[in-house]
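Undergrad: Next comes run16.txt, compact mmCIF, C-alpha atoms:
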# COMPACT_ATOMS: atom_id res chain seq x y z
CA MET A 1 -1.15 -26.52 -33.45
CA LEU A 2 -4.72 -26.74 -32.12
CA GLY A 3 -5.23 -24.91 -28.84
CA GLY A 4 -7.67 -25.18 -25.97
CA GLY A 5 -10.83 -23.17 -25.56
CA GLY A 6 -13.68 -25.26 -24.23
CA ILE A 7 -16.74 -26.37 -26.16
CA THR A 8 -16.96 -23.08 -28.06
CA GLY A 9 -13.28 -23.44 -28.89
CA ILE A 10 -13.93 -26.86 -30.43
CA ALA A 11 -16.71 -25.35 -32.56
CA TRP A 12 -14.63 -22.37 -33.69
CA GLU A 13 -11.60 -24.49 -34.59
CA MET A 14 -13.75 -26.93 -36.55
CA GLY A 15 -15.25 -23.96 -38.36
CA VAL A 16 -11.84 -22.52 -39.24
CA LEU A 17 -10.66 -25.85 -40.60
CA LYS A 18 -13.82 -26.29 -42.63
CA GLY A 19 -13.54 -22.73 -43.94
CA LEU A 20 -9.95 -23.36 -44.99
CA GLY A 21 -11.03 -26.54 -46.73
CA GLU A 22 -13.85 -24.77 -48.56
CA ALA A 23 -11.30 -22.21 -49.76
CA GLY A 24 -9.07 -24.96 -51.11
CA VAL A 25 -6.57 -25.28 -48.25
CA ASP A 26 -6.67 -28.77 -46.72
CA VAL A 27 -4.30 -28.85 -43.74
CA ARG A 28 -4.85 -32.52 -42.99
CA ASN A 29 -1.57 -33.27 -44.76
CA ALA A 30 0.37 -31.71 -41.87
CA ASP A 31 3.35 -33.79 -40.77
CA THR A 32 2.42 -33.25 -37.12
CA ILE A 33 -0.77 -32.20 -35.37
CA LEU A 34 -0.55 -31.26 -31.69
CA GLY A 35 -3.82 -30.80 -29.82
CA THR A 36 -4.27 -29.33 -26.37
CA SER A 37 -7.60 -29.71 -24.55
CA ALA A 38 -10.28 -28.70 -27.10
CA GLY A 39 -7.59 -29.02 -29.75
CA SER A 40 -7.13 -32.70 -28.94
CA VAL A 41 -10.76 -33.32 -29.89
CA VAL A 42 -10.43 -31.29 -33.07
CA GLY A 43 -7.15 -32.95 -34.06
CA THR A 44 -8.64 -36.40 -33.59
CA LEU A 45 -11.70 -35.61 -35.68
CA LEU A 46 -9.63 -33.83 -38.33
CA LEU A 47 -7.63 -37.00 -39.02
CA CYS A 48 -10.52 -39.44 -38.59
CA ARG A 49 -13.45 -37.65 -40.24
CA ASP A 50 -14.19 -35.89 -43.52
CA LEU A 51 -14.28 -32.11 -43.39
CA ASP A 52 -17.95 -32.18 -44.43
CA GLU A 53 -18.73 -34.09 -41.24
CA LEU A 54 -17.32 -31.49 -38.86
CA ASP A 55 -20.66 -29.72 -38.43
CA SER A 56 -22.49 -32.89 -37.44
CA GLU A 57 -19.67 -34.02 -35.16
CA GLN A 58 -19.77 -30.68 -33.36
CA ASN A 59 -23.50 -31.07 -32.79
CA LYS A 60 -22.83 -34.43 -31.15
CA LEU A 61 -20.08 -33.01 -28.99
CA SER A 62 -22.38 -30.22 -27.84
CA ASP A 63 -24.64 -32.65 -26.00
CA LYS A 64 -25.31 -31.56 -22.41
CA ALA A 65 -23.71 -34.77 -21.23
CA LEU A 66 -20.38 -33.09 -21.93
CA GLY A 67 -21.17 -30.23 -19.57
CA GLY A 68 -18.87 -30.09 -16.61
CA THR A 69 -19.60 -29.84 -12.91
CA PHE A 70 -18.11 -26.63 -11.61
CA SER A 71 -17.12 -26.56 -7.97
CA PRO A 72 -16.97 -22.95 -6.70
CA GLY A 73 -15.43 -24.09 -3.43
CA ALA A 74 -12.67 -25.97 -5.23
CA MET A 75 -11.98 -22.95 -7.43
CA VAL A 76 -11.63 -20.74 -4.35
CA ARG A 77 -9.12 -23.20 -2.95
CA ALA A 78 -7.26 -23.31 -6.26
CA ILE A 79 -6.77 -19.56 -6.66
CA PRO A 80 -4.01 -19.33 -4.00
CA GLN A 81 -2.18 -22.15 -5.76
CA MET A 82 -2.26 -20.26 -9.06
CA VAL A 83 -0.56 -17.21 -7.57
CA SER A 84 1.56 -18.91 -4.92
CA THR A 85 5.31 -18.79 -4.74
CA GLY A 86 7.43 -21.43 -6.37
CA GLY A 87 8.23 -22.29 -9.97
CA PRO A 88 5.62 -22.90 -12.66
CA ILE A 89 5.82 -26.69 -12.35
CA GLU A 90 5.25 -26.51 -8.61
CA ARG A 91 2.24 -24.22 -9.08
CA ARG A 92 0.81 -26.57 -11.68
CA ARG A 93 1.36 -29.51 -9.34
CA ARG A 94 -0.64 -27.73 -6.64
CA ILE A 95 -3.48 -27.06 -9.07
CA GLY A 96 -3.41 -30.75 -9.95
CA GLN A 97 -3.65 -31.73 -6.31
CA VAL A 98 -6.66 -29.45 -5.76
CA SER A 99 -8.31 -30.89 -8.86
CA MET A 100 -7.76 -34.45 -7.66
CA ARG A 101 -9.38 -33.66 -4.32
CA ALA A 102 -12.32 -31.87 -5.95
CA HIS A 103 -13.37 -34.87 -8.07
CA GLN A 104 -13.01 -38.43 -6.90
CA TRP A 105 -14.09 -41.67 -8.55
CA ARG A 106 -15.68 -40.00 -11.56
CA GLY A 107 -13.06 -40.35 -14.27
CA PRO A 108 -14.22 -43.50 -16.12
CA ASP A 109 -17.72 -42.16 -16.83
CA ARG A 110 -16.28 -39.05 -18.47
CA VAL A 111 -13.97 -41.14 -20.64
CA GLU A 112 -16.85 -43.26 -21.93
CA VAL A 113 -18.95 -40.19 -22.72
CA ILE A 114 -16.13 -38.81 -24.86
CA ARG A 115 -15.60 -42.22 -26.48
CA GLU A 116 -19.26 -42.33 -27.52
CA ARG A 117 -19.26 -38.78 -28.85
CA LEU A 118 -15.98 -39.08 -30.78
CA GLY A 119 -16.90 -42.37 -32.38
CA VAL A 120 -13.18 -43.07 -32.66
CA SER A 121 -11.21 -45.76 -30.87
CA GLU A 122 -7.84 -46.03 -32.61
CA TRP A 123 -5.01 -43.62 -33.28
CA PRO A 124 -5.07 -42.62 -36.96
CA PRO A 125 -2.64 -44.99 -38.69
CA GLY A 126 0.49 -43.49 -40.15
CA ARG A 127 -0.20 -40.02 -38.74
CA ASP A 128 1.68 -38.03 -36.12
CA LEU A 129 -1.12 -36.95 -33.81
CA ARG A 130 0.13 -35.66 -30.47
CA ILE A 131 -2.03 -34.84 -27.45
CA ALA A 132 -0.83 -32.66 -24.58
CA ALA A 133 -1.95 -33.33 -21.01
CA MET A 134 -0.55 -32.52 -17.57
CA ASN A 135 0.43 -34.96 -14.87
CA ALA A 136 -1.72 -33.82 -11.94
CA GLU A 137 0.68 -35.36 -9.44
CA THR A 138 3.89 -33.75 -10.73
CA GLY A 139 2.78 -30.70 -12.73
CA GLU A 140 4.79 -31.87 -15.75
CA ILE A 141 3.46 -31.68 -19.29
CA VAL A 142 3.14 -34.99 -21.11
CA VAL A 143 2.61 -35.57 -24.83
CA PHE A 144 0.78 -38.76 -25.81
CA ASP A 145 0.98 -40.23 -29.31
CA SER A 146 0.42 -43.55 -31.05
CA THR A 147 3.68 -44.92 -29.63
CA SER A 148 2.76 -44.17 -26.00
CA GLY A 149 0.70 -47.31 -25.51
CA VAL A 150 -2.22 -45.19 -24.28
CA ASP A 151 -5.83 -45.46 -25.42
CA LEU A 152 -6.57 -42.52 -27.76
CA VAL A 153 -9.88 -41.58 -26.14
CA ARG A 154 -8.37 -41.70 -22.67
CA ALA A 155 -5.59 -39.38 -23.85
CA VAL A 156 -8.16 -36.94 -25.26
CA ALA A 157 -10.21 -37.10 -22.05
CA ALA A 158 -7.10 -36.34 -20.01
CA SER A 159 -6.18 -33.38 -22.20
CA CYS A 160 -9.73 -32.02 -21.79
CA ALA A 161 -10.00 -32.52 -18.01
CA VAL A 162 -10.35 -28.88 -17.02
CA PRO A 163 -9.35 -28.53 -13.34
CA MET A 164 -12.29 -28.19 -10.92
CA VAL A 165 -14.73 -28.77 -13.82
CA TRP A 166 -14.02 -32.34 -14.92
CA PRO A 167 -12.20 -35.05 -12.99
CA PRO A 168 -8.60 -36.07 -13.64
CA VAL A 169 -8.22 -39.10 -15.90
CA GLU A 170 -6.24 -42.12 -14.76
CA ILE A 171 -3.68 -43.53 -17.19
CA ASP A 172 -1.38 -46.35 -16.10
CA GLY A 173 -1.83 -45.53 -12.42
CA HIS A 174 -1.24 -41.78 -12.77
CA PHE A 175 -3.75 -38.92 -13.00
CA TYR A 176 -3.79 -36.31 -15.75
CA ILE A 177 -5.61 -33.04 -16.32
CA ASP A 178 -5.96 -30.39 -19.01
CA GLY A 179 -2.74 -29.68 -20.90
CA GLY A 180 -3.94 -26.07 -21.15
CA VAL A 181 -2.93 -25.54 -17.52
CA ARG A 182 0.60 -25.05 -18.84
CA SER A 183 -0.42 -23.17 -21.99
CA PRO A 184 -3.59 -23.04 -24.10
CA THR A 185 -1.48 -23.79 -27.19
CA ASN A 186 1.82 -25.45 -26.10
CA ILE A 187 3.36 -24.29 -29.37
CA ASP A 188 6.91 -24.76 -28.12
CA LEU A 189 6.44 -28.51 -27.76
CA VAL A 190 7.09 -28.79 -31.51
CA THR A 191 10.45 -27.36 -32.57
CA ASP A 192 11.16 -29.07 -35.90
CA ALA A 193 8.55 -27.49 -38.17
CA ASP A 194 9.35 -25.42 -41.26
CA ALA A 195 5.81 -24.05 -41.44
CA MET A 196 3.35 -23.85 -38.56
CA LEU A 197 -0.36 -23.08 -38.41
CA VAL A 198 -1.69 -22.18 -34.96
CA LEU A 199 -5.39 -22.07 -34.10
CA SER A 200 -5.76 -20.44 -30.70
CA PRO A 201 -9.31 -19.91 -29.39
CA LEU A 202 -7.88 -18.50 -26.12
CA PRO A 203 -4.68 -16.58 -26.94
CA VAL A 204 -3.93 -15.79 -23.30
CA SER A 205 -1.20 -16.81 -20.90
CA THR A 206 -0.49 -16.49 -17.20
CA THR A 207 3.20 -15.81 -17.90
CA ARG A 208 5.13 -13.98 -20.60
CA TYR A 209 7.21 -17.13 -21.14
CA HIS A 210 4.14 -19.06 -22.27
CA SER A 211 2.65 -16.29 -24.43
CA VAL A 212 1.96 -17.15 -28.07
CA ARG A 213 4.72 -14.80 -29.21
CA SER A 214 7.34 -16.27 -26.88
CA GLN A 215 6.40 -19.83 -27.76
CA LEU A 216 6.55 -19.10 -31.48
CA ARG A 217 10.06 -17.75 -31.04
CA ARG A 218 11.17 -20.92 -29.27
CA ALA A 219 9.43 -23.17 -31.80
CA GLY A 220 11.53 -21.57 -34.51
CA ALA A 221 9.28 -22.25 -37.52
CA LEU A 222 10.40 -20.11 -40.46
CA GLN A 223 6.83 -19.58 -41.63
CA ARG A 224 3.83 -19.37 -39.35
CA VAL A 225 0.24 -18.22 -39.36
CA VAL A 226 -1.66 -17.69 -36.12
CA ILE A 227 -5.44 -17.49 -36.25
CA THR A 228 -7.36 -16.28 -33.20
CA PRO A 229 -11.02 -15.31 -32.85
CA ASP A 230 -11.62 -11.82 -34.18
CA ARG A 231 -14.07 -9.41 -32.57
CA GLU A 232 -17.10 -10.88 -34.32
CA ALA A 233 -16.05 -14.42 -33.45
CA ARG A 234 -15.48 -13.53 -29.79
CA TRP A 235 -18.98 -12.13 -29.63
CA ALA A 236 -20.38 -15.27 -31.26
CA MET A 237 -18.48 -17.55 -28.86
CA GLY A 238 -19.48 -15.59 -25.76
CA TYR A 239 -17.58 -15.61 -22.49
CA ARG A 240 -18.76 -19.01 -21.24
CA VAL A 241 -16.44 -21.37 -23.08
CA LEU A 242 -18.31 -24.46 -21.85
CA ASP A 243 -21.71 -23.29 -23.11
CA PRO A 244 -22.83 -25.72 -25.86
CA SER A 245 -25.63 -23.39 -26.97
CA ARG A 246 -22.97 -21.12 -28.50
CA SER A 247 -21.59 -23.82 -30.78
CA PRO A 248 -23.61 -22.99 -33.94
CA GLN A 249 -22.57 -19.32 -33.84
CA ALA A 250 -18.97 -20.25 -33.03
CA ILE A 251 -18.61 -22.69 -35.91
CA ALA A 252 -20.15 -20.19 -38.34
CA ALA A 253 -17.68 -17.53 -37.20
CA GLY A 254 -14.86 -20.02 -37.58
CA ILE A 255 -15.88 -20.90 -41.15
CA ARG A 256 -15.85 -17.20 -42.04
CA GLN A 257 -12.41 -16.70 -40.53
CA GLY A 258 -11.09 -19.82 -42.19
CA ILE A 259 -12.16 -18.57 -45.62
CA GLU A 260 -10.72 -15.13 -44.90
CA SER A 261 -7.42 -16.61 -43.67
CA ALA A 262 -7.02 -19.08 -46.53
CA PRO A 263 -4.72 -16.90 -48.68
CA ARG A 264 -2.26 -16.44 -45.81
CA VAL A 265 -2.24 -20.15 -45.00
CA ALA A 266 -2.01 -21.20 -48.65
CA ALA A 267 1.05 -18.99 -49.13
CA MET A 268 3.08 -21.11 -46.73
CA TRP A 269 1.30 -24.46 -46.82
CA PRO A 270 2.60 -27.24 -49.08
CA SER A 271 0.07 -28.48 -51.61
CA ASN A 272 -1.24 -32.04 -51.44
Rewrite the structure from the file as structure tokens, please.

TA:
Amino acid sequence: MLGGGGITGIAWEMGVLKGLGEAGVDVRNADTILGTSAGSVVGTLLLCRDLDELDSEQNKLSDKALGGTFSPGAMVRAIPQMVSTGGPIERRRRIGQVSMRAHQWRGPDRVEVIRERLGVSEWPPGRDLRIAAMNAETGEIVVFDSTSGVDLVRAVAASCAVPMVWPPVEIDGHFYIDGGVRSPTNIDLVTDADAMLVLSPLPVSTTRYHSVRSQLRRAGALQRVVITPDREARWAMGYRVLDPSRSPQAIAAGIRQGIESAPRVAAMWPSN
């Protein structure tokens, strides 16, 4: 389970995975990998690149071309929707509507930028990679995989389309935004795992129902390890999650935490 957390979250997660690998724990043999937002990028690279390439891939992804356009006015309009009455799906739908109005006719350019940076065009064959996004028109969470008939890069771009920062992504006539609007991790979308590893750069939630603890309980995995940025890593990542200049520090902190966490992960993780 690879959670969202912006550009610094991508760097930290890549670092953790590389650190685990250096300590002898290669988690690429997971039966299922679910990525949300930043995690969708990391999951794609994890299955399509060697672990030794993660540093260089992060440097490519840190290019300023990936920087988003923040609309303060749109954010002000979105705040009432986040705290408005109605159920969680209705609130998410309203956020989606505000996001669609804030950015118009800019989706395709963003998709092509991500396609160039990922250097990947096909779903990894024989692997269960799942990518969580949110339908901006309905507020419902959607999980794309290789059987969905959706272009992999477009699915990743949709999952990473942070509301009011990047434009919604059109897929088959519908518009999608960041799956992290529902939850930064979406752990409870996978309920058939015996062992579960969760990387959560942003272990926060707007509701108790979607907290990491509550989602883990619903997921029901008998063994689980959750890794979140420790104090040193949070300092390295900074508070601006879309700041690419923080990537080197974030990936270094992730490598350290990955090495430190390796014994816990190895204790539950099946060997290759």

Undergrad: Given the choices A:Tyr239, A:Ala23, A:Trp12, A:Leu45, which gets closest to A:Ser121 if the distance is worked out from only C-alpha atoms?

TA: A:Leu45

Undergrad: From the list A:Met164, A:Met134, A:Met237, A:Ala252, which residue is nearest A:Thr36 when using only C-alpha atoms?

TA: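 Closest candidate: A:Met134.
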
Undergrad: Hey, can you check how far atom CA of A:Leu17 sits from atom CA of A:Leu152?

TA: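 Rounded to one decimal, the two atoms are 21.4 Å apart.
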
Undergrad: Mind pulling up the distance from atom CA of A:Ser159 to atom CA of A:Asp109?

TA: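 These two atoms are separated by 15.5 Å.
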
Undergrad: Which one of A:Glu140, A:Asp243, A:Asp230, A:Glu13 sits closest to A:Tyr176 if you count all atoms listed in the file?

TA: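 Among the listed residues, the smallest separation from A:Tyr176 belongs to A:Glu140.
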